[in-house]
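Colleague: To be precise about what I am sending: the file is called data-v5.tsv and holds TSV, C-alpha atoms and all ligand atoms.
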chain	number	residue	atom	x	y	z
A	1	MET	CA	10.01	-5.42	-20.54
A	2	GLU	CA	9.14	-8.47	-18.49
A	3	THR	CA	12.67	-9.82	-18.83
A	4	ALA	CA	14.21	-6.53	-17.73
A	5	ALA	CA	11.86	-6.49	-14.74
A	6	ALA	CA	12.78	-10.08	-13.87
A	7	ILE	CA	16.49	-9.23	-14.00
A	8	ALA	CA	16.00	-6.17	-11.78
A	9	LEU	CA	14.15	-8.31	-9.25
A	10	GLN	CA	16.61	-11.19	-9.09
A	11	GLY	CA	17.88	-10.23	-5.65
A	12	PHE	CA	14.37	-9.87	-4.33
A	13	LYS	CA	13.50	-13.47	-3.48
A	14	GLY	CA	13.18	-13.98	0.27
A	15	ARG	CA	13.09	-10.24	0.95
A	16	HIS	CA	10.59	-8.77	3.42
A	17	MET	CA	8.29	-5.94	2.32
A	18	LEU	CA	7.54	-4.00	5.47
A	19	ASP	CA	7.68	-0.52	3.98
A	20	PHE	CA	9.24	1.22	0.97
A	21	THR	CA	12.70	1.58	2.51
A	22	SER	CA	13.59	-1.96	1.45
A	23	LEU	CA	13.12	-1.19	-2.25
A	24	SER	CA	15.50	0.47	-4.68
A	25	ARG	CA	14.08	2.78	-7.36
A	26	LYS	CA	14.91	0.17	-9.96
A	27	GLU	CA	13.20	-2.62	-8.03
A	28	LEU	CA	10.07	-0.54	-7.57
A	29	GLN	CA	9.92	0.19	-11.29
A	30	ALA	CA	10.40	-3.52	-11.98
A	31	LEU	CA	7.61	-4.51	-9.61
A	32	LEU	CA	5.28	-2.08	-11.36
A	33	ALA	CA	6.27	-3.47	-14.76
A	34	LEU	CA	5.63	-6.99	-13.53
A	35	ALA	CA	2.26	-5.93	-12.12
A	36	ALA	CA	1.25	-4.42	-15.47
A	37	ASP	CA	2.37	-7.58	-17.26
A	38	LEU	CA	0.42	-9.85	-14.89
A	39	LYS	CA	-2.65	-7.67	-15.36
A	40	GLU	CA	-2.42	-8.03	-19.15
A	41	ARG	CA	-1.94	-11.78	-18.93
A	42	ARG	CA	-4.99	-12.11	-16.70
A	43	LYS	CA	-7.03	-10.13	-19.22
A	44	ARG	CA	-5.89	-12.51	-21.97
A	45	GLY	CA	-6.81	-15.48	-19.77
A	46	GLU	CA	-3.20	-16.73	-19.73
A	47	PRO	CA	-2.28	-18.88	-16.74
A	48	THR	CA	0.52	-17.54	-14.52
A	49	PRO	CA	1.43	-20.51	-12.30
A	50	TYR	CA	4.57	-19.01	-10.78
A	51	LEU	CA	3.81	-20.09	-7.21
A	52	GLN	CA	2.73	-23.67	-7.71
A	53	GLY	CA	3.02	-25.62	-4.48
A	54	LYS	CA	3.62	-22.46	-2.42
A	55	SER	CA	1.50	-21.28	0.50
A	56	LEU	CA	1.00	-17.85	2.00
A	57	GLY	CA	-0.09	-17.50	5.64
A	58	MET	CA	-2.21	-14.38	6.14
A	59	ILE	CA	-2.47	-13.10	9.73
A	60	PHE	CA	-5.28	-10.60	10.23
A	61	GLU	CA	-5.59	-8.73	13.52
A	62	LYS	CA	-7.73	-6.02	11.89
A	63	ALA	CA	-10.68	-6.17	9.50
A	64	SER	CA	-10.18	-6.31	5.73
A	65	THR	CA	-12.06	-6.71	2.48
A	66	ARG	CA	-9.59	-5.78	-0.29
A	67	THR	CA	-6.38	-7.04	1.27
A	68	ARG	CA	-7.78	-10.41	2.22
A	69	VAL	CA	-9.60	-11.06	-1.04
A	70	SER	CA	-6.85	-9.75	-3.33
A	71	PHE	CA	-4.08	-11.75	-1.63
A	72	GLU	CA	-6.21	-14.88	-1.55
A	73	VAL	CA	-7.21	-14.62	-5.22
A	74	ALA	CA	-3.63	-13.67	-6.16
A	75	MET	CA	-2.25	-16.84	-4.58
A	76	PHE	CA	-4.92	-18.96	-6.24
A	77	GLU	CA	-4.28	-17.47	-9.67
A	78	LEU	CA	-0.52	-17.94	-9.25
A	79	GLY	CA	-1.12	-21.63	-8.61
A	80	GLY	CA	-0.52	-21.43	-4.85
A	81	HIS	CA	-2.62	-21.42	-1.73
A	82	ALA	CA	-3.49	-18.78	0.89
A	83	LEU	CA	-4.46	-19.44	4.51
A	84	PHE	CA	-6.58	-16.92	6.39
A	85	LEU	CA	-5.33	-16.79	9.99
A	86	SER	CA	-7.51	-14.55	12.08
A	87	GLY	CA	-5.70	-13.18	15.14
A	88	GLY	CA	-8.54	-14.18	17.46
A	89	ALA	CA	-8.77	-17.75	16.17
A	90	THR	CA	-5.06	-18.53	16.36
A	91	GLN	CA	-2.72	-18.89	19.34
A	92	ILE	CA	-1.16	-15.50	18.58
A	93	GLY	CA	-4.40	-14.02	19.93
A	94	ARG	CA	-3.92	-16.00	23.16
A	95	GLY	CA	-0.40	-14.79	23.79
A	96	GLU	CA	1.88	-17.11	21.80
A	97	THR	CA	4.88	-14.91	21.11
A	98	VAL	CA	5.48	-13.27	17.76
A	99	ALA	CA	8.91	-14.91	17.61
A	100	ASP	CA	7.50	-18.42	18.16
A	101	THR	CA	4.67	-17.79	15.69
A	102	ALA	CA	7.20	-16.64	13.09
A	103	GLN	CA	9.32	-19.75	13.51
A	104	VAL	CA	6.37	-22.15	13.44
A	105	LEU	CA	4.72	-20.60	10.39
A	106	SER	CA	8.07	-20.53	8.58
A	107	ARG	CA	8.13	-24.35	8.80
A	108	TYR	CA	4.83	-24.57	6.89
A	109	VAL	CA	4.40	-21.65	4.53
A	110	HIS	CA	6.59	-19.90	1.95
A	111	GLY	CA	5.53	-16.38	2.89
A	112	ILE	CA	3.62	-14.55	5.61
A	113	MET	CA	1.36	-11.56	5.14
A	114	ILE	CA	0.33	-9.73	8.29
A	115	ARG	CA	-2.15	-6.95	9.06
A	116	THR	CA	-1.84	-5.65	12.59
A	117	PHE	CA	-1.61	-2.56	14.81
A	118	ALA	CA	1.95	-1.74	15.95
A	119	HIS	CA	4.51	-1.71	13.17
A	120	ASP	CA	7.21	-3.12	15.44
A	121	LYS	CA	5.21	-6.36	15.69
A	122	VAL	CA	5.68	-6.85	11.96
A	123	GLU	CA	9.37	-6.02	12.28
A	124	GLU	CA	9.67	-8.61	15.04
A	125	LEU	CA	7.85	-11.19	12.94
A	126	ALA	CA	10.26	-10.48	10.07
A	127	ARG	CA	13.29	-10.81	12.36
A	128	HIS	CA	12.25	-14.30	13.41
A	129	ALA	CA	10.70	-15.63	10.18
A	130	THR	CA	12.81	-17.52	7.69
A	131	VAL	CA	10.33	-16.77	4.89
A	132	PRO	CA	9.43	-13.34	3.44
A	133	VAL	CA	7.05	-11.20	5.47
A	134	ILE	CA	4.70	-8.77	3.71
A	135	ASN	CA	3.07	-5.89	5.56
A	136	GLY	CA	-0.65	-5.90	4.78
A	137	LEU	CA	-1.14	-2.70	6.85
A	138	THR	CA	0.08	-1.51	10.21
A	139	ASP	CA	-0.70	1.70	12.08
A	140	ASP	CA	2.36	3.20	10.34
A	141	HIS	CA	2.50	1.80	6.80
A	142	HIS	CA	0.39	0.35	3.98
A	143	PRO	CA	2.92	-0.39	1.23
A	144	CYS	CA	0.78	-2.89	-0.73
A	145	GLN	CA	-1.88	-0.24	-1.19
A	146	VAL	CA	0.59	2.33	-2.49
A	147	LEU	CA	2.13	-0.19	-4.88
A	148	ALA	CA	-1.34	-0.58	-6.44
A	149	ASP	CA	-1.83	3.19	-6.34
A	150	LEU	CA	1.35	3.81	-8.32
A	151	GLN	CA	0.24	1.24	-10.88
A	152	THR	CA	-3.08	3.09	-11.14
A	153	ILE	CA	-1.51	6.52	-11.63
A	154	ALA	CA	0.90	5.15	-14.23
A	155	GLU	CA	-2.01	3.61	-16.16
A	156	ARG	CA	-3.99	6.84	-16.17
A	157	LYS	CA	-1.16	9.33	-16.67
A	158	GLY	CA	1.24	7.26	-18.78
A	159	ALA	CA	4.19	7.86	-16.43
A	160	LEU	CA	4.90	8.82	-12.85
A	161	LYS	CA	8.01	10.98	-13.05
A	162	GLY	CA	7.38	14.67	-12.51
A	163	LEU	CA	3.77	14.28	-11.34
A	164	THR	CA	2.51	15.68	-8.03
A	165	ILE	CA	0.45	13.65	-5.58
A	166	SER	CA	-1.31	15.57	-2.79
A	167	TYR	CA	-2.61	13.83	0.29
A	168	VAL	CA	-5.17	15.64	2.42
A	169	GLY	CA	-6.28	14.34	5.82
A	170	ASP	CA	-4.76	12.31	8.64
A	171	GLY	CA	-0.99	11.84	8.82
A	172	ASN	CA	-1.54	8.10	9.07
A	173	ASN	CA	-0.28	4.87	7.48
A	174	MET	CA	-1.43	5.99	4.01
A	175	ALA	CA	0.30	9.37	4.32
A	176	HIS	CA	3.48	7.62	5.43
A	177	SER	CA	3.57	5.11	2.59
A	178	ILE	CA	2.81	7.81	0.01
A	179	LEU	CA	5.58	10.00	1.46
A	180	GLN	CA	8.05	7.11	1.27
A	181	ALA	CA	7.12	5.93	-2.22
A	182	ALA	CA	6.62	9.17	-4.17
A	183	PRO	CA	10.29	10.23	-4.35
A	184	LEU	CA	11.27	6.66	-5.36
A	185	VAL	CA	9.26	7.08	-8.56
A	186	GLY	CA	10.22	10.72	-9.12
A	187	MET	CA	6.92	12.19	-7.96
A	188	ASN	CA	6.47	15.36	-5.91
A	189	VAL	CA	4.44	14.79	-2.77
A	190	ARG	CA	2.44	17.21	-0.64
A	191	VAL	CA	0.64	16.37	2.59
A	192	ALA	CA	-1.83	18.63	4.40
A	193	THR	CA	-3.09	17.61	7.84
A	194	PRO	CA	-4.65	19.43	10.77
A	195	GLU	CA	-2.22	20.52	13.48
A	196	GLY	CA	-1.43	17.64	15.78
A	197	TYR	CA	-2.16	15.03	13.10
A	198	GLU	CA	1.04	15.38	11.06
A	199	PRO	CA	2.91	12.37	9.67
A	200	LYS	CA	5.79	11.12	11.83
A	201	GLU	CA	8.79	13.44	11.64
A	202	ALA	CA	11.20	10.57	10.90
A	203	ILE	CA	9.18	9.59	7.83
A	204	ILE	CA	9.01	13.17	6.55
A	205	GLU	CA	12.78	13.47	6.99
A	206	GLN	CA	13.36	10.20	5.17
A	207	ALA	CA	11.14	11.37	2.29
A	208	ARG	CA	13.14	14.62	2.11
A	209	VAL	CA	16.40	12.67	1.90
A	210	PHE	CA	15.02	10.48	-0.94
A	211	ALA	CA	13.56	13.51	-2.70
A	212	LYS	CA	16.84	15.40	-2.59
A	213	GLN	CA	18.53	12.54	-4.43
A	214	VAL	CA	16.06	12.75	-7.31
A	215	ASN	CA	15.29	16.46	-7.19
A	216	THR	CA	11.61	16.21	-6.30
A	217	GLU	CA	9.50	18.22	-3.87
A	218	VAL	CA	8.25	17.15	-0.41
A	219	TRP	CA	5.83	19.61	1.19
A	220	VAL	CA	4.12	18.96	4.52
A	221	GLY	CA	1.83	21.60	5.99
A	222	HIS	CA	-1.65	22.42	7.19
A	223	ASP	CA	-3.36	24.23	4.33
A	224	PRO	CA	-5.21	21.79	2.04
A	225	ALA	CA	-5.57	24.46	-0.66
A	226	VAL	CA	-1.78	24.83	-0.87
A	227	ALA	CA	-1.35	21.06	-0.98
A	228	VAL	CA	-3.88	20.50	-3.73
A	229	ALA	CA	-3.01	23.47	-5.99
A	230	GLY	CA	-2.11	22.08	-9.42
A	231	ALA	CA	-1.87	18.47	-8.17
A	232	ASP	CA	-2.12	15.57	-10.62
A	233	ALA	CA	-3.65	13.27	-8.01
A	234	VAL	CA	-5.55	14.15	-4.84
A	235	TYR	CA	-5.57	11.41	-2.21
A	236	THR	CA	-7.47	11.12	1.03
A	237	ASP	CA	-8.26	8.47	3.62
A	238	VAL	CA	-10.64	8.00	6.53
A	239	TRP	CA	-10.31	10.42	9.42
A	240	ALA	CA	-10.40	7.67	12.05
A	241	SER	CA	-8.39	4.58	11.15
A	242	MET	CA	-8.91	1.09	12.50
A	243	GLY	CA	-8.18	1.25	16.22
A	244	GLN	CA	-9.14	4.95	16.50
A	245	GLU	CA	-12.90	4.42	16.65
A	246	ALA	CA	-13.14	6.15	20.07
A	247	GLU	CA	-11.72	9.36	18.54
A	248	ALA	CA	-14.13	9.38	15.61
A	249	GLU	CA	-16.40	12.18	16.85
A	250	THR	CA	-13.55	14.55	17.78
A	251	ARG	CA	-11.82	13.82	14.52
A	252	LYS	CA	-14.97	14.65	12.53
A	253	ARG	CA	-14.84	18.17	13.93
A	254	VAL	CA	-11.08	18.64	13.53
A	255	PHE	CA	-10.93	17.26	9.99
A	256	ALA	CA	-14.04	18.96	8.57
A	257	PRO	CA	-12.00	21.61	6.65
A	258	TYR	CA	-10.02	18.79	5.03
A	259	GLN	CA	-12.94	17.21	3.22
A	260	VAL	CA	-12.19	16.56	-0.45
A	261	ASN	CA	-15.13	18.00	-2.36
A	262	ALA	CA	-15.77	19.40	-5.82
A	263	GLU	CA	-14.53	22.82	-4.74
A	264	MET	CA	-11.23	21.39	-3.53
A	265	MET	CA	-10.83	19.26	-6.67
A	266	LYS	CA	-11.15	22.45	-8.75
A	267	LEU	CA	-7.83	23.63	-7.27
A	268	ALA	CA	-6.03	20.58	-8.64
A	269	ALA	CA	-4.70	20.27	-12.21
A	270	LYS	CA	-7.17	19.73	-15.02
A	271	GLY	CA	-7.86	16.01	-15.29
A	272	ALA	CA	-6.54	15.38	-11.77
A	273	LEU	CA	-7.26	11.94	-10.34
A	274	PHE	CA	-9.14	11.42	-7.11
A	275	MET	CA	-7.68	8.57	-5.05
A	276	HIS	CA	-8.70	6.72	-1.90
A	277	CYS	CA	-7.51	3.39	-0.53
A	278	LEU	CA	-11.09	2.51	0.54
A	279	PRO	CA	-13.15	1.87	2.54
A	280	THR	CA	-14.50	5.41	2.52
A	281	HIS	CA	-17.00	7.28	4.63
A	282	ARG	CA	-18.93	9.08	1.91
A	283	GLY	CA	-19.79	12.59	3.06
A	284	GLU	CA	-16.95	12.73	5.58
A	285	GLU	CA	-13.41	12.81	4.17
A	286	VAL	CA	-14.79	12.93	0.61
A	287	THR	CA	-18.14	13.72	-0.95
A	288	ALA	CA	-20.03	11.05	-2.87
A	289	ALA	CA	-19.94	13.32	-5.95
A	290	VAL	CA	-16.11	13.28	-6.00
A	291	ILE	CA	-15.91	9.50	-5.51
A	292	ASP	CA	-18.34	8.93	-8.36
A	293	ALA	CA	-16.88	11.57	-10.71
A	294	PRO	CA	-15.02	10.45	-13.87
A	295	GLY	CA	-11.65	11.49	-12.41
A	296	SER	CA	-12.05	9.07	-9.52
A	297	VAL	CA	-9.89	5.94	-9.80
A	298	VAL	CA	-10.79	4.32	-6.50
A	299	PHE	CA	-12.00	1.05	-8.01
A	300	ASP	CA	-8.96	0.80	-10.29
A	301	GLN	CA	-6.84	1.18	-7.17
A	302	ALA	CA	-8.79	-1.62	-5.53
A	303	GLU	CA	-8.43	-3.85	-8.62
A	304	ASN	CA	-4.72	-3.18	-8.88
A	305	ARG	CA	-4.18	-4.55	-5.39
A	306	LEU	CA	-4.57	-7.96	-7.06
A	307	HIS	CA	-2.02	-7.34	-9.82
A	308	ALA	CA	0.52	-5.39	-7.74
A	309	GLN	CA	0.48	-7.99	-4.97
A	310	LYS	CA	0.88	-10.79	-7.50
A	311	ALA	CA	4.07	-9.04	-8.65
A	312	LEU	CA	5.25	-8.76	-5.04
A	313	LEU	CA	4.41	-12.40	-4.27
A	314	VAL	CA	6.19	-13.63	-7.39
A	315	ALA	CA	9.23	-11.46	-6.68
A	316	THR	CA	9.53	-12.54	-3.05
A	317	MET	CA	8.48	-16.19	-3.30
A	318	SER	CA	8.84	-17.63	-6.80
A	319	ASP	CA	11.67	-19.89	-7.96
A	320	GLN	CA	10.76	-19.11	-11.56
A	321	LEU	CA	11.59	-15.43	-11.86
A	322	ARG	CA	14.81	-16.27	-13.69
A	323	GLU	CA	12.87	-18.04	-16.42
A	324	TRP	CA	10.36	-15.21	-16.84
A	401	LIG	N1	-7.52	-0.60	1.23
A	401	LIG	C1	-7.52	-1.68	2.02
A	401	LIG	O1	-6.50	-2.14	2.51
A	401	LIG	O2	-8.76	-2.24	2.18
A	401	LIG	P1	-9.16	-3.38	3.23
A	401	LIG	O3	-9.07	-2.77	4.61
A	401	LIG	O4	-10.55	-3.75	2.84
A	401	LIG	O5	-8.21	-4.52	3.10
A	402	LIG	N1	-5.94	4.36	7.40
A	402	LIG	C1	-6.88	3.28	7.23
A	402	LIG	C2	-6.61	2.53	5.98
A	402	LIG	C3	-7.53	1.38	5.69
A	402	LIG	C4	-7.18	0.63	4.44
A	402	LIG	C5	-6.80	2.37	8.46
A	402	LIG	O1	-5.68	2.10	8.91
A	402	LIG	O2	-7.84	1.97	8.97
Starting from the file, lay out its structure as structure tokens.
Ligand code: CP
Ligand code: NVA
Modeller:
Amino acid sequence: METAAAIALQGFKGRHMLDFTSLSRKELQALLALAADLKERRKRGEPTPYLQGKSLGMIFEKASTRTRVSFEVAMFELGGHALFLSGGATQIGRGETVADTAQVLSRYVHGIMIRTFAHDKVEELARHATVPVINGLTDDHHPCQVLADLQTIAERKGALKGLTISYVGDGNNMAHSILQAAPLVGMNVRVATPEGYEPKEAIIEQARVFAKQVNTEVWVGHDPAVAVAGADAVYTDVWASMGQEAEAETRKRVFAPYQVNAEMMKLAAKGALFMHCLPTHRGEEVTAAVIDAPGSVVFDQAENRLHAQKALLVATMSDQLREW
């Protein structure tokens, strides 16, 4: 399995990971296989020094717990080094251009991870960097989270193909990455948001194009009950994302009917998973009872950030994939 994954990922070195459009179905499967393998090896206490001597620069212009810690630990456990570069404490926060920052960092590090607001900033960074750029969350996408989420669903359900994931809430970065990734792994995807909070039309269209190729369903609407009916996984996220704090009170009112609670979970398939990227506002987008119920996999999702990102880091930055 590992060898097949390594072969599928041979063209991956140096590639940026800004969203799911840069991945083929085969490459995504291979990344997930690699992630599962790295998780097993960690459990057995086997060293995995595939990034010895390599450094990852991590630019953070928004807060983070999981992304920062999982990338930092991932680099350490792969034998490399991670540098935390807070936006405010670096020259990028004082107006040094993205292009100059990209070129300077590329002279030092072997990969750059960035968490920021506008997605086009990450695209600009990638255009000017000569090392791979990984999107650690923008206003539009959160691919690293969804990579870990797919690993989590596969672990719990055995396979991904044919399953239905339903996302209820804001048509935000999480909704976008789920819409992009689901068809790539043969999953049906449904998204229910309040009116005016839909995912971007271009991303819905793109998901429909992918889905048509693999004969899966993409449904985007407003009724959470329709979205969740018979779903294998029910996903939600905060109602006000980072940068939307001023809208929090309005959003609480608008999103109230979209709360994932025990009643809503009853509409899903028997044994359906509850998923959330975290952090959560217990009692807002989801009740504490649902987060703490046996079907909730939120902490597995958080753990899998470590394994899935290790796979991504190895695939984009390691010289040793051929010898896997
Ligand atoms: N899910 C996620 O990205 O968490 P952090 O904001 O803590 O990194
Ligand atoms: N949608 C959330 C996700 C946090 C991991 C945000 O962007 O703040």
Colleague: Report as CSV the residues of chain A within 10 Å of ligand LIG 401 (chain A), each with its shortest atom pair and distance in Å (one decimal), using all atoms listed in the file, ordered by chain and increasing residue number.
Modeller:
residue,atom,partner,partner_atom,distance
A:Phe60,CA,A:LIG401,O5,9.8
A:Lys62,CA,A:LIG401,O3,8.1
A:Ala63,CA,A:LIG401,O3,6.2
A:Ser64,CA,A:LIG401,O5,3.7
A:Thr65,CA,A:LIG401,O4,3.3
A:Arg66,CA,A:LIG401,O4,3.9
A:Thr67,CA,A:LIG401,O5,3.6
A:Arg68,CA,A:LIG401,O5,6.0
A:Val69,CA,A:LIG401,O5,7.9
A:Ser70,CA,A:LIG401,O5,8.4
A:Phe71,CA,A:LIG401,O5,9.6
A:Arg115,CA,A:LIG401,O5,8.8
A:Gly136,CA,A:LIG401,O1,7.3
A:Leu137,CA,A:LIG401,O1,6.9
A:His142,CA,A:LIG401,O1,7.5
A:Pro143,CA,A:LIG401,O1,9.7
A:Cys144,CA,A:LIG401,O1,8.0
A:Gln145,CA,A:LIG401,N1,6.1
A:Val146,CA,A:LIG401,N1,9.4
A:Ala148,CA,A:LIG401,N1,9.8
A:Met174,CA,A:LIG401,N1,9.4
A:Asp237,CA,A:LIG401,N1,9.4
A:Ser241,CA,A:LIG401,O3,9.9
A:Met242,CA,A:LIG401,O3,8.8
A:His276,CA,A:LIG401,N1,8.0
A:Cys277,CA,A:LIG401,N1,4.4
A:Leu278,CA,A:LIG401,N1,4.8
A:Pro279,CA,A:LIG401,O2,6.0
A:Thr280,CA,A:LIG401,N1,9.3
A:Val298,CA,A:LIG401,N1,9.7
A:Gln301,CA,A:LIG401,N1,8.6
A:Ala302,CA,A:LIG401,N1,7.0
A:Arg305,CA,A:LIG401,N1,8.4
Colleague: Take the residues just selected and output them with C-alpha atoms as a PDB file, in the frame of the given file.
Modeller:
ATOM      1  CA  PHE A  60      -5.280 -10.600  10.230  1.00  0.00           C
ATOM      2  CA  LYS A  62      -7.730  -6.020  11.890  1.00  0.00           C
ATOM      3  CA  ALA A  63     -10.680  -6.170   9.500  1.00  0.00           C
ATOM      4  CA  SER A  64     -10.180  -6.310   5.730  1.00  0.00           C
ATOM      5  CA  THR A  65     -12.060  -6.710   2.480  1.00  0.00           C
ATOM      6  CA  ARG A  66      -9.590  -5.780  -0.290  1.00  0.00           C
ATOM      7  CA  THR A  67      -6.380  -7.040   1.270  1.00  0.00           C
ATOM      8  CA  ARG A  68      -7.780 -10.410   2.220  1.00  0.00           C
ATOM      9  CA  VAL A  69      -9.600 -11.060  -1.040  1.00  0.00           C
ATOM     10  CA  SER A  70      -6.850  -9.750  -3.330  1.00  0.00           C
ATOM     11  CA  PHE A  71      -4.080 -11.750  -1.630  1.00  0.00           C
ATOM     12  CA  ARG A 115      -2.150  -6.950   9.060  1.00  0.00           C
ATOM     13  CA  GLY A 136      -0.650  -5.900   4.780  1.00  0.00           C
ATOM     14  CA  LEU A 137      -1.140  -2.700   6.850  1.00  0.00           C
ATOM     15  CA  HIS A 142       0.390   0.350   3.980  1.00  0.00           C
ATOM     16  CA  PRO A 143       2.920  -0.390   1.230  1.00  0.00           C
ATOM     17  CA  CYS A 144       0.780  -2.890  -0.730  1.00  0.00           C
ATOM     18  CA  GLN A 145      -1.880  -0.240  -1.190  1.00  0.00           C
ATOM     19  CA  VAL A 146       0.590   2.330  -2.490  1.00  0.00           C
ATOM     20  CA  ALA A 148      -1.340  -0.580  -6.440  1.00  0.00           C
ATOM     21  CA  MET A 174      -1.430   5.990   4.010  1.00  0.00           C
ATOM     22  CA  ASP A 237      -8.260   8.470   3.620  1.00  0.00           C
ATOM     23  CA  SER A 241      -8.390   4.580  11.150  1.00  0.00           C
ATOM     24  CA  MET A 242      -8.910   1.090  12.500  1.00  0.00           C
ATOM     25  CA  HIS A 276      -8.700   6.720  -1.900  1.00  0.00           C
ATOM     26  CA  CYS A 277      -7.510   3.390  -0.530  1.00  0.00           C
ATOM     27  CA  LEU A 278     -11.090   2.510   0.540  1.00  0.00           C
ATOM     28  CA  PRO A 279     -13.150   1.870   2.540  1.00  0.00           C
ATOM     29  CA  THR A 280     -14.500   5.410   2.520  1.00  0.00           C
ATOM     30  CA  VAL A 298     -10.790   4.320  -6.500  1.00  0.00           C
ATOM     31  CA  GLN A 301      -6.840   1.180  -7.170  1.00  0.00           C
ATOM     32  CA  ALA A 302      -8.790  -1.620  -5.530  1.00  0.00           C
ATOM     33  CA  ARG A 305      -4.180  -4.550  -5.390  1.00  0.00           C
TER      34      ARG A 305
END
Colleague: Around the point (-9.8, 20.4, -2.6) in the file's coordinates, collect all residues with an atom within 9 Å, using only C-alpha atoms, and return them as a PyMOL selection string.
Modeller: chain A and resi 168+224-225+227-229+234+258-268
Colleague: How many Å separate atom CA of A:Ala36 from atom CA of A:Asp19?
Modeller: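 Separation of atom CA of A:Ala36 and atom CA of A:Asp19: 20.9 Å.
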Colleague: Work out how far apart atom CA of A:Ala289 and atom CA of A:Thr236 are and give it in Å to one decimal.
Modeller: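 Pair atom CA of A:Ala289 / atom CA of A:Thr236 returns 14.5 Å.
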Colleague: In terms of the shortest atom-to-atom distance over all atoms listed in the file, which of A:Lys39, A:Arg208, A:Lys13, A:His281 is closest to ligand LIG 402 (chain A)?
Modeller: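 Smallest distance to ligand LIG 402 (chain A) is found for A:His281.
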Colleague: Any idea what's packed within 7 Å of A:Gly221, counting all atoms listed in the file, ignoring anything in its chain fewer than 3 positions away? Could you give it as JSON, numbers by chain?
Modeller: {"A": [191, 192, 193]}
Colleague: Limited to C-alpha atoms, could you put the picked residues into a file as a compact mmCIF listing (two decimals), in the frame of the given file?
Modeller:
# COMPACT_ATOMS: atom_id res chain seq x y z
CA VAL A 191 0.64 16.37 2.59
CA ALA A 192 -1.83 18.63 4.40
CA THR A 193 -3.09 17.61 7.84
Colleague: Ranking A:His141, A:Arg15, A:Lys161, A:Arg190 by minimum distance to ligand LIG 402 (chain A) and counting all atoms listed in the file, which one comes first?
Modeller: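 With all atoms listed in the file as the atom set, the closest residue is A:His141.
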Colleague: Set the distance at 12 Å and use all atoms listed in the file: which residues neighbour A:His81 once local chain neighbours fewer than 2 positions away are removed? I'd like the list as a PyMOL selection string.
Modeller: chain A and resi 49-58+71-79+83-84+108-112+313
Colleague: Write out, as an mmCIF file, keeping the file's coordinate frame, the residues just selected, with C-alpha atoms.
Modeller:
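File part-v8.cif, as written:
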data_model
loop_
_atom_site.group_PDB
_atom_site.id
_atom_site.type_symbol
_atom_site.label_atom_id
_atom_site.label_comp_id
_atom_site.auth_asym_id
_atom_site.auth_seq_id
_atom_site.Cartn_x
_atom_site.Cartn_y
_atom_site.Cartn_z
ATOM 1 C CA PRO A 49 1.430 -20.510 -12.300
ATOM 2 C CA TYR A 50 4.570 -19.010 -10.780
ATOM 3 C CA LEU A 51 3.810 -20.090 -7.210
ATOM 4 C CA GLN A 52 2.730 -23.670 -7.710
ATOM 5 C CA GLY A 53 3.020 -25.620 -4.480
ATOM 6 C CA LYS A 54 3.620 -22.460 -2.420
ATOM 7 C CA SER A 55 1.500 -21.280 0.500
ATOM 8 C CA LEU A 56 1.000 -17.850 2.000
ATOM 9 C CA GLY A 57 -0.090 -17.500 5.640
ATOM 10 C CA MET A 58 -2.210 -14.380 6.140
ATOM 11 C CA PHE A 71 -4.080 -11.750 -1.630
ATOM 12 C CA GLU A 72 -6.210 -14.880 -1.550
ATOM 13 C CA VAL A 73 -7.210 -14.620 -5.220
ATOM 14 C CA ALA A 74 -3.630 -13.670 -6.160
ATOM 15 C CA MET A 75 -2.250 -16.840 -4.580
ATOM 16 C CA PHE A 76 -4.920 -18.960 -6.240
ATOM 17 C CA GLU A 77 -4.280 -17.470 -9.670
ATOM 18 C CA LEU A 78 -0.520 -17.940 -9.250
ATOM 19 C CA GLY A 79 -1.120 -21.630 -8.610
ATOM 20 C CA LEU A 83 -4.460 -19.440 4.510
ATOM 21 C CA PHE A 84 -6.580 -16.920 6.390
ATOM 22 C CA TYR A 108 4.830 -24.570 6.890
ATOM 23 C CA VAL A 109 4.400 -21.650 4.530
ATOM 24 C CA HIS A 110 6.590 -19.900 1.950
ATOM 25 C CA GLY A 111 5.530 -16.380 2.890
ATOM 26 C CA ILE A 112 3.620 -14.550 5.610
ATOM 27 C CA LEU A 313 4.410 -12.400 -4.270
#
Colleague: Might you pull out every residue within 9 Å of A:Leu273, with all atoms listed in the file counted and same-chain residues fewer than 2 positions away left off, and present them as a compact mmCIF listing (two decimals) with C-alpha atoms, in the frame of the given file?
Modeller:
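The resulting file, result_7.txt, is shown below:
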# COMPACT_ATOMS: atom_id res chain seq x y z
CA ILE A 153 -1.51 6.52 -11.63
CA ARG A 156 -3.99 6.84 -16.17
CA ALA A 231 -1.87 18.47 -8.17
CA ASP A 232 -2.12 15.57 -10.62
CA ALA A 233 -3.65 13.27 -8.01
CA VAL A 234 -5.55 14.15 -4.84
CA TYR A 235 -5.57 11.41 -2.21
CA MET A 265 -10.83 19.26 -6.67
CA ALA A 268 -6.03 20.58 -8.64
CA ALA A 269 -4.70 20.27 -12.21
CA GLY A 271 -7.86 16.01 -15.29
CA MET A 275 -7.68 8.57 -5.05
CA PRO A 294 -15.02 10.45 -13.87
CA GLY A 295 -11.65 11.49 -12.41
CA SER A 296 -12.05 9.07 -9.52
CA VAL A 297 -9.89 5.94 -9.80
Colleague: Could you tell me how far atom C5 of ligand LIG 402 (chain A) lies from atom CA of A:Phe20, in Å and to one decimal?
Modeller: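 Between these atoms lies a distance of 17.7 Å.
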